[in-house]
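Colleague: This structure is in C-alpha cells; I'll ask about it shortly.
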Amino acid sequence: MKFLLIRCITALCLLSGTAALAQAPHDNELAPGLFEEQLQSAQRGHAGSQVLVGLAYQVNYLGVEQNFKEAVRWFRLAANQGHQLGQNLLAKSYFYGMGVTQDFAQAKNRFKTAAEQGEPEAQFMLASIYLDLGDYDELERNPKEAYRWFSRSAQQNYIPAYAALASLYENGLGVERDLETARNWYKKSCDQGVYASCEPFKRIDDELNELAEKELLEETQNTTEVIDF
C-alpha cells in the first residue's frame with residue numbers, strides 16, 4: 001500500500017507520451033505530406049524521423065493506420081542508432097507488451113540504456129523496476145539503485161520522480177529515512193499539480209510541526225527548571 005502512489009504515477013508515465021500525441025489534431029490538412037516526408041527521411045536512416053514514424057503507427061496519428069508491430073520496428077531502428085527517445089519508446093513497448101511479447105527483463109535493459117543517455121522518463125521507469133513495483137520475479141529488487149535513478153530523474157525536473165523520491169525518503173528505502181526531505185519532495189510534487197502528493201505532504205508537515213512544538217516545549221521547560229534551580 002505504501003507504494004501505491006508510485007504505482008499510479010508509473011502507470012501514468014507509461015501512457016503519457018503517446019496519450020499526448022494521440023490528443024493532437026489528426027486532420028492531415030494541418031500537416032500536408034508530413035508523414036510521407038518523415039517516412040522518406042526515416043527510410044534514409046534519420047533516427048528522429050524513425051521515432052516520429054513509429055509514434056504515428058503507435059497512436060494512429062496523421063492518418064496512419066495503427067500498427068504496434070510497425071511502431072516497434074521503427075523504434076528499434078532508432079534505438080539501434082543510439083537515439084535515447086527511440087530506446088525509451090522501445091523499452092515501453094516491451095514493458096507494456098505493445099507490438100512485442102511483454103518482457104520486463106528486456107524492458108529493464110532498454111530503459112537502462114536510455115537512462116544512461118540521460119533520458120529522464122527512462123531513469124524514472126528504470127528506478128520503478130528496481131523498486132519492484134510489478135510482478136518482476138525474475139528481476140532483482142534493488143532500492144539503492146531505485147533511489148539513484150529516481151534522484152537523477154528528479155534532478156532533471158521530471159515531475160513524476162518527485163513523489164517517488166519522497167516516498168523513498170519517507171520509508172527509508174535505498175536511503176536513510178528523512179521526513180524533512182520527504183516533506184520537501186512531496187510539496188514540490190504537490191505544487192506541480194500531482195494532487196496525490198498533497199495528502200502525504202500535509203500529513204508529514206503536521207507531524208514535523210507537532211514534533212518541533214514538542215521539542216520547543218521541552219526546551220522551555222528545561223530552561224525554566226535551570227532558572228528555578
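Ordering of the C-alpha cells sets the chain letters (A, B, ...), residue numbers begin anew at 1 in every chain, and ligands are numbered from 1 in the order given.
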Determine, using only C-alpha atoms, which residues of stretch 110-208 of chain A have any atom at most 6 Å from an atom of stretch 79-99 of chain A, and tabulate each with its shortest atom pair and distance in Å to one decimal place, rows ordered by chain and then rising number, as CSV.
Modeller:
residue,atom,partner,partner_atom,distance
A:Arg110,CA,A:Ala91,CA,5.0
A:Phe111,CA,A:Ala91,CA,5.5
A:Ala114,CA,A:Gln84,CA,5.0
A:Ala122,CA,A:Asn88,CA,5.8
Colleague: Could you write out the selected residues, including N, CA and C atoms, as a PDB file, in the first residue's frame?
Modeller:
ATOM      1  N   ARG A 110      16.572  -2.013 -21.846  1.00  0.00           N
ATOM      2  CA  ARG A 110      16.380  -0.876 -22.757  1.00  0.00           C
ATOM      3  C   ARG A 110      16.227   0.427 -21.980  1.00  0.00           C
ATOM      4  N   PHE A 111      15.474   0.380 -20.880  1.00  0.00           N
ATOM      5  CA  PHE A 111      15.337   1.578 -20.050  1.00  0.00           C
ATOM      6  C   PHE A 111      16.704   2.002 -19.509  1.00  0.00           C
ATOM      7  N   ALA A 114      18.714   3.871 -22.163  1.00  0.00           N
ATOM      8  CA  ALA A 114      18.204   5.235 -22.339  1.00  0.00           C
ATOM      9  C   ALA A 114      18.484   6.088 -21.108  1.00  0.00           C
ATOM     10  N   ALA A 122      13.043   7.469 -18.814  1.00  0.00           N
ATOM     11  CA  ALA A 122      13.672   6.149 -18.725  1.00  0.00           C
ATOM     12  C   ALA A 122      14.320   5.960 -17.358  1.00  0.00           C
TER      13      ALA A 122
END
Colleague: Any idea what's packed within 9 Å of stretch 167-183 of chain A, counting only C-alpha atoms, ignoring anything in its chain fewer than 3 positions away? Could you give it as a count of residues only?
Modeller: 25
Colleague: How would you write, as a compact mmCIF listing (two decimals) with N, CA and C atoms, in the first residue's frame, the set of residues in stretch 69-216 of chain A that DSSP gives as helix (DSSP H, G or I)?
Modeller:
# COMPACT_ATOMS: atom_id res chain seq x y z
N LYS A 69 3.26 -3.38 -34.21
CA LYS A 69 4.48 -4.08 -34.65
C LYS A 69 5.33 -3.17 -35.53
N GLU A 70 4.67 -2.41 -36.39
CA GLU A 70 5.40 -1.49 -37.25
C GLU A 70 6.02 -0.37 -36.41
N ALA A 71 5.31 0.06 -35.38
CA ALA A 71 5.85 1.08 -34.48
C ALA A 71 7.12 0.58 -33.82
N VAL A 72 7.08 -0.64 -33.33
CA VAL A 72 8.26 -1.23 -32.67
C VAL A 72 9.42 -1.33 -33.64
N ARG A 73 9.13 -1.68 -34.89
CA ARG A 73 10.21 -1.80 -35.89
C ARG A 73 10.95 -0.48 -36.05
N TRP A 74 10.21 0.62 -36.10
CA TRP A 74 10.85 1.92 -36.27
C TRP A 74 11.54 2.38 -34.99
N PHE A 75 10.93 2.09 -33.84
CA PHE A 75 11.59 2.44 -32.58
C PHE A 75 12.93 1.70 -32.46
N ARG A 76 12.94 0.44 -32.88
CA ARG A 76 14.16 -0.36 -32.78
C ARG A 76 15.25 0.19 -33.70
N LEU A 77 14.86 0.61 -34.90
CA LEU A 77 15.84 1.19 -35.82
C LEU A 77 16.47 2.45 -35.23
N ALA A 78 15.63 3.28 -34.60
CA ALA A 78 16.15 4.50 -33.96
C ALA A 78 17.02 4.15 -32.77
N ALA A 79 16.56 3.19 -31.96
CA ALA A 79 17.32 2.79 -30.77
C ALA A 79 18.69 2.22 -31.15
N GLN A 84 18.04 8.20 -27.84
CA GLN A 84 17.55 7.88 -26.50
C GLN A 84 16.03 7.80 -26.41
N LEU A 85 15.32 8.65 -27.15
CA LEU A 85 13.86 8.58 -27.12
C LEU A 85 13.38 7.29 -27.79
N GLY A 86 14.04 6.91 -28.89
CA GLY A 86 13.70 5.65 -29.54
C GLY A 86 13.94 4.47 -28.61
N GLN A 87 15.03 4.54 -27.86
CA GLN A 87 15.35 3.49 -26.90
C GLN A 87 14.28 3.42 -25.81
N ASN A 88 13.86 4.59 -25.34
CA ASN A 88 12.85 4.64 -24.28
C ASN A 88 11.50 4.11 -24.77
N LEU A 89 11.12 4.49 -25.98
CA LEU A 89 9.84 4.02 -26.54
C LEU A 89 9.86 2.52 -26.80
N LEU A 90 11.02 2.01 -27.20
CA LEU A 90 11.15 0.57 -27.40
C LEU A 90 11.02 -0.15 -26.06
N ALA A 91 11.64 0.43 -25.03
CA ALA A 91 11.55 -0.15 -23.68
C ALA A 91 10.10 -0.19 -23.21
N LYS A 92 9.36 0.91 -23.46
CA LYS A 92 7.96 0.96 -23.05
C LYS A 92 7.13 -0.07 -23.81
N SER A 93 7.49 -0.32 -25.06
CA SER A 93 6.78 -1.33 -25.84
C SER A 93 6.96 -2.71 -25.22
N TYR A 94 8.20 -3.01 -24.80
CA TYR A 94 8.45 -4.29 -24.12
C TYR A 94 7.74 -4.34 -22.77
N PHE A 95 7.78 -3.23 -22.05
CA PHE A 95 7.18 -3.18 -20.72
C PHE A 95 5.67 -3.41 -20.80
N TYR A 96 5.06 -2.81 -21.80
CA TYR A 96 3.61 -2.84 -21.94
C TYR A 96 3.12 -3.97 -22.84
N PHE A 104 9.73 -7.97 -19.23
CA PHE A 104 10.21 -6.98 -18.27
C PHE A 104 11.73 -6.90 -18.22
N ALA A 105 12.40 -8.04 -18.41
CA ALA A 105 13.86 -8.03 -18.39
C ALA A 105 14.40 -7.22 -19.57
N GLN A 106 13.81 -7.42 -20.75
CA GLN A 106 14.22 -6.66 -21.93
C GLN A 106 13.90 -5.18 -21.75
N ALA A 107 12.73 -4.91 -21.16
CA ALA A 107 12.36 -3.51 -20.89
C ALA A 107 13.37 -2.86 -19.97
N LYS A 108 13.77 -3.59 -18.92
CA LYS A 108 14.74 -3.05 -17.98
C LYS A 108 16.05 -2.71 -18.68
N ASN A 109 16.54 -3.60 -19.53
CA ASN A 109 17.79 -3.36 -20.24
C ASN A 109 17.69 -2.14 -21.16
N ARG A 110 16.57 -2.01 -21.85
CA ARG A 110 16.38 -0.88 -22.76
C ARG A 110 16.23 0.43 -21.98
N PHE A 111 15.47 0.38 -20.88
CA PHE A 111 15.34 1.58 -20.05
C PHE A 111 16.70 2.00 -19.51
N LYS A 112 17.51 1.03 -19.13
CA LYS A 112 18.83 1.35 -18.56
C LYS A 112 19.70 2.05 -19.59
N THR A 113 19.66 1.56 -20.83
CA THR A 113 20.45 2.20 -21.88
C THR A 113 20.02 3.64 -22.08
N ALA A 114 18.71 3.87 -22.16
CA ALA A 114 18.20 5.23 -22.34
C ALA A 114 18.48 6.09 -21.11
N ALA A 115 18.37 5.49 -19.93
CA ALA A 115 18.63 6.22 -18.68
C ALA A 115 20.07 6.69 -18.61
N GLU A 116 20.98 5.83 -19.02
CA GLU A 116 22.40 6.20 -19.00
C GLU A 116 22.71 7.29 -20.01
N PRO A 120 15.13 11.30 -18.91
CA PRO A 120 14.55 11.33 -17.56
C PRO A 120 13.40 10.36 -17.33
N GLU A 121 12.54 10.15 -18.34
CA GLU A 121 11.46 9.19 -18.16
C GLU A 121 12.02 7.78 -18.03
N ALA A 122 13.04 7.47 -18.81
CA ALA A 122 13.67 6.15 -18.72
C ALA A 122 14.32 5.96 -17.36
N GLN A 123 14.92 7.02 -16.82
CA GLN A 123 15.51 6.94 -15.49
C GLN A 123 14.43 6.63 -14.46
N PHE A 124 13.28 7.28 -14.59
CA PHE A 124 12.16 7.02 -13.68
C PHE A 124 11.67 5.58 -13.80
N MET A 125 11.49 5.11 -15.03
CA MET A 125 10.97 3.76 -15.23
C MET A 125 11.97 2.70 -14.76
N LEU A 126 13.25 2.94 -14.99
CA LEU A 126 14.28 2.01 -14.52
C LEU A 126 14.24 1.93 -13.00
N ALA A 127 14.14 3.09 -12.35
CA ALA A 127 14.05 3.12 -10.89
C ALA A 127 12.82 2.36 -10.40
N SER A 128 11.71 2.51 -11.11
CA SER A 128 10.48 1.82 -10.73
C SER A 128 10.66 0.31 -10.80
N ILE A 129 11.36 -0.15 -11.81
CA ILE A 129 11.62 -1.59 -11.94
C ILE A 129 12.54 -2.06 -10.83
N TYR A 130 13.58 -1.29 -10.53
CA TYR A 130 14.47 -1.67 -9.43
C TYR A 130 13.71 -1.73 -8.10
N PRO A 143 16.60 -1.33 -3.96
CA PRO A 143 16.14 0.00 -3.56
C PRO A 143 17.21 1.08 -3.70
N LYS A 144 18.48 0.73 -3.49
CA LYS A 144 19.54 1.74 -3.61
C LYS A 144 19.66 2.24 -5.05
N GLU A 145 19.55 1.31 -6.00
CA GLU A 145 19.58 1.72 -7.40
C GLU A 145 18.32 2.51 -7.76
N ALA A 146 17.21 2.12 -7.16
CA ALA A 146 15.96 2.86 -7.38
C ALA A 146 16.14 4.30 -6.92
N TYR A 147 16.73 4.47 -5.75
CA TYR A 147 16.96 5.82 -5.23
C TYR A 147 17.87 6.62 -6.16
N ARG A 148 18.92 5.97 -6.64
CA ARG A 148 19.89 6.67 -7.51
C ARG A 148 19.21 7.17 -8.78
N TRP A 149 18.39 6.33 -9.39
CA TRP A 149 17.78 6.73 -10.66
C TRP A 149 16.60 7.67 -10.48
N PHE A 150 15.83 7.50 -9.40
CA PHE A 150 14.78 8.48 -9.11
C PHE A 150 15.40 9.85 -8.89
N SER A 151 16.54 9.88 -8.19
CA SER A 151 17.23 11.15 -7.92
C SER A 151 17.67 11.82 -9.21
N ARG A 152 18.26 11.04 -10.11
CA ARG A 152 18.74 11.60 -11.37
C ARG A 152 17.58 12.13 -12.21
N SER A 153 16.48 11.41 -12.19
CA SER A 153 15.30 11.86 -12.93
C SER A 153 14.74 13.14 -12.32
N ALA A 154 14.65 13.19 -11.00
CA ALA A 154 14.13 14.37 -10.32
C ALA A 154 15.03 15.58 -10.54
N GLN A 155 16.33 15.35 -10.60
CA GLN A 155 17.28 16.45 -10.84
C GLN A 155 17.08 17.07 -12.21
N PRO A 160 7.09 13.31 -12.20
CA PRO A 160 6.69 12.08 -11.51
C PRO A 160 7.74 11.54 -10.53
N ALA A 161 9.00 11.90 -10.75
CA ALA A 161 10.06 11.39 -9.86
C ALA A 161 10.03 12.06 -8.49
N TYR A 162 9.41 13.23 -8.39
CA TYR A 162 9.38 13.94 -7.11
C TYR A 162 8.71 13.11 -6.02
N ALA A 163 7.51 12.63 -6.30
CA ALA A 163 6.76 11.86 -5.31
C ALA A 163 7.43 10.52 -5.03
N ALA A 164 8.00 9.91 -6.07
CA ALA A 164 8.69 8.64 -5.88
C ALA A 164 9.87 8.80 -4.93
N LEU A 165 10.62 9.87 -5.14
CA LEU A 165 11.77 10.14 -4.28
C LEU A 165 11.31 10.43 -2.86
N ALA A 166 10.23 11.19 -2.73
CA ALA A 166 9.67 11.50 -1.41
C ALA A 166 9.30 10.22 -0.67
N SER A 167 8.70 9.27 -1.38
CA SER A 167 8.28 8.02 -0.76
C SER A 167 9.48 7.22 -0.24
N LEU A 168 10.58 7.25 -1.00
CA LEU A 168 11.78 6.55 -0.54
C LEU A 168 12.31 7.17 0.74
N TYR A 169 12.36 8.50 0.77
CA TYR A 169 12.83 9.18 1.98
C TYR A 169 11.89 8.92 3.15
N GLU A 170 10.60 8.91 2.89
CA GLU A 170 9.62 8.69 3.96
C GLU A 170 9.77 7.30 4.58
N ASN A 171 10.03 6.30 3.72
CA ASN A 171 10.07 4.92 4.18
C ASN A 171 11.48 4.38 4.41
N LEU A 179 12.31 12.51 7.09
CA LEU A 179 10.96 13.04 6.89
C LEU A 179 10.96 14.47 6.37
N GLU A 180 11.95 15.24 6.76
CA GLU A 180 12.01 16.63 6.29
C GLU A 180 12.24 16.68 4.78
N THR A 181 13.17 15.85 4.31
CA THR A 181 13.42 15.80 2.86
C THR A 181 12.22 15.22 2.13
N ALA A 182 11.58 14.21 2.73
CA ALA A 182 10.37 13.64 2.13
C ALA A 182 9.29 14.71 2.00
N ARG A 183 9.13 15.50 3.06
CA ARG A 183 8.13 16.58 3.02
C ARG A 183 8.42 17.55 1.88
N ASN A 184 9.69 17.91 1.71
CA ASN A 184 10.06 18.87 0.67
C ASN A 184 9.75 18.34 -0.73
N TRP A 185 10.03 17.05 -0.96
CA TRP A 185 9.76 16.48 -2.29
C TRP A 185 8.26 16.32 -2.53
N TYR A 186 7.52 15.93 -1.48
CA TYR A 186 6.06 15.84 -1.64
C TYR A 186 5.48 17.22 -1.96
N LYS A 187 5.99 18.24 -1.30
CA LYS A 187 5.50 19.60 -1.54
C LYS A 187 5.78 20.02 -2.98
N LYS A 188 7.00 19.71 -3.43
CA LYS A 188 7.36 20.07 -4.80
C LYS A 188 6.44 19.38 -5.79
N SER A 189 6.13 18.11 -5.51
CA SER A 189 5.22 17.35 -6.37
C SER A 189 3.81 17.93 -6.32
N CYS A 190 3.34 18.22 -5.12
CA CYS A 190 2.00 18.80 -4.94
C CYS A 190 1.89 20.14 -5.66
N ASP A 191 2.93 20.95 -5.55
CA ASP A 191 2.93 22.27 -6.19
C ASP A 191 2.87 22.17 -7.71
N TYR A 195 -1.81 15.98 -7.24
CA TYR A 195 -2.62 16.16 -6.02
C TYR A 195 -2.53 14.97 -5.08
N ALA A 196 -2.17 13.81 -5.59
CA ALA A 196 -2.00 12.64 -4.72
C ALA A 196 -0.84 12.85 -3.75
N SER A 197 0.05 13.80 -4.05
CA SER A 197 1.18 14.09 -3.17
C SER A 197 0.82 15.08 -2.07
N CYS A 198 -0.30 15.74 -2.21
CA CYS A 198 -0.67 16.79 -1.25
C CYS A 198 -1.02 16.21 0.11
N GLU A 199 -1.70 15.06 0.13
CA GLU A 199 -2.07 14.44 1.41
C GLU A 199 -0.85 14.01 2.21
N PRO A 200 0.11 13.25 1.62
CA PRO A 200 1.29 12.89 2.40
C PRO A 200 2.13 14.10 2.80
N PHE A 201 2.14 15.14 1.95
CA PHE A 201 2.85 16.36 2.34
C PHE A 201 2.24 16.95 3.60
N LYS A 202 0.91 17.09 3.61
CA LYS A 202 0.23 17.68 4.76
C LYS A 202 0.42 16.82 6.01
N ARG A 203 0.31 15.51 5.84
CA ARG A 203 0.46 14.59 6.97
C ARG A 203 1.84 14.70 7.60
N ILE A 204 2.88 14.68 6.76
CA ILE A 204 4.25 14.76 7.28
C ILE A 204 4.52 16.15 7.83
N ASP A 205 4.00 17.18 7.16
CA ASP A 205 4.19 18.54 7.63
C ASP A 205 3.59 18.71 9.03
N ASP A 206 2.38 18.19 9.23
CA ASP A 206 1.74 18.26 10.55
C ASP A 206 2.56 17.50 11.59
N GLU A 207 3.04 16.33 11.20
CA GLU A 207 3.83 15.51 12.11
C GLU A 207 5.11 16.22 12.54
N LEU A 208 5.80 16.83 11.59
CA LEU A 208 7.04 17.53 11.90
C LEU A 208 6.78 18.79 12.72
N ASN A 209 5.70 19.48 12.42
CA ASN A 209 5.36 20.68 13.20
C ASN A 209 5.03 20.32 14.65
N GLU A 210 4.29 19.23 14.84
CA GLU A 210 3.97 18.78 16.19
C GLU A 210 5.25 18.39 16.94
N LEU A 211 6.15 17.73 16.24
CA LEU A 211 7.41 17.33 16.86
C LEU A 211 8.23 18.55 17.25
N ALA A 212 8.26 19.56 16.37
CA ALA A 212 9.00 20.79 16.65
C ALA A 212 8.41 21.52 17.86
N GLU A 213 7.08 21.56 17.95
CA GLU A 213 6.42 22.21 19.08
C GLU A 213 6.73 21.47 20.38
N LYS A 214 6.73 20.14 20.31
CA LYS A 214 7.03 19.33 21.49
C LYS A 214 8.46 19.57 21.96
N GLU A 215 9.39 19.62 21.01
CA GLU A 215 10.79 19.86 21.37
C GLU A 215 10.98 21.25 21.96
N LEU A 216 10.26 22.23 21.39
CA LEU A 216 10.34 23.59 21.91
C LEU A 216 9.79 23.67 23.32
Colleague: Considering only C-alpha atoms, can you say which of A:Val194, A:Leu217, A:Leu39, A:Val64 comes closest to A:Ile159?
Modeller: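 Nearest to A:Ile159: A:Val194.
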Colleague: Would you compute the distance between atom CA of A:Tyr158 and atom CA of A:Gly193? Give it in Å to one decimal.
Modeller: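 Atom CA of A:Gly193 lies at a distance of 12.9 Å from atom CA of A:Tyr158.
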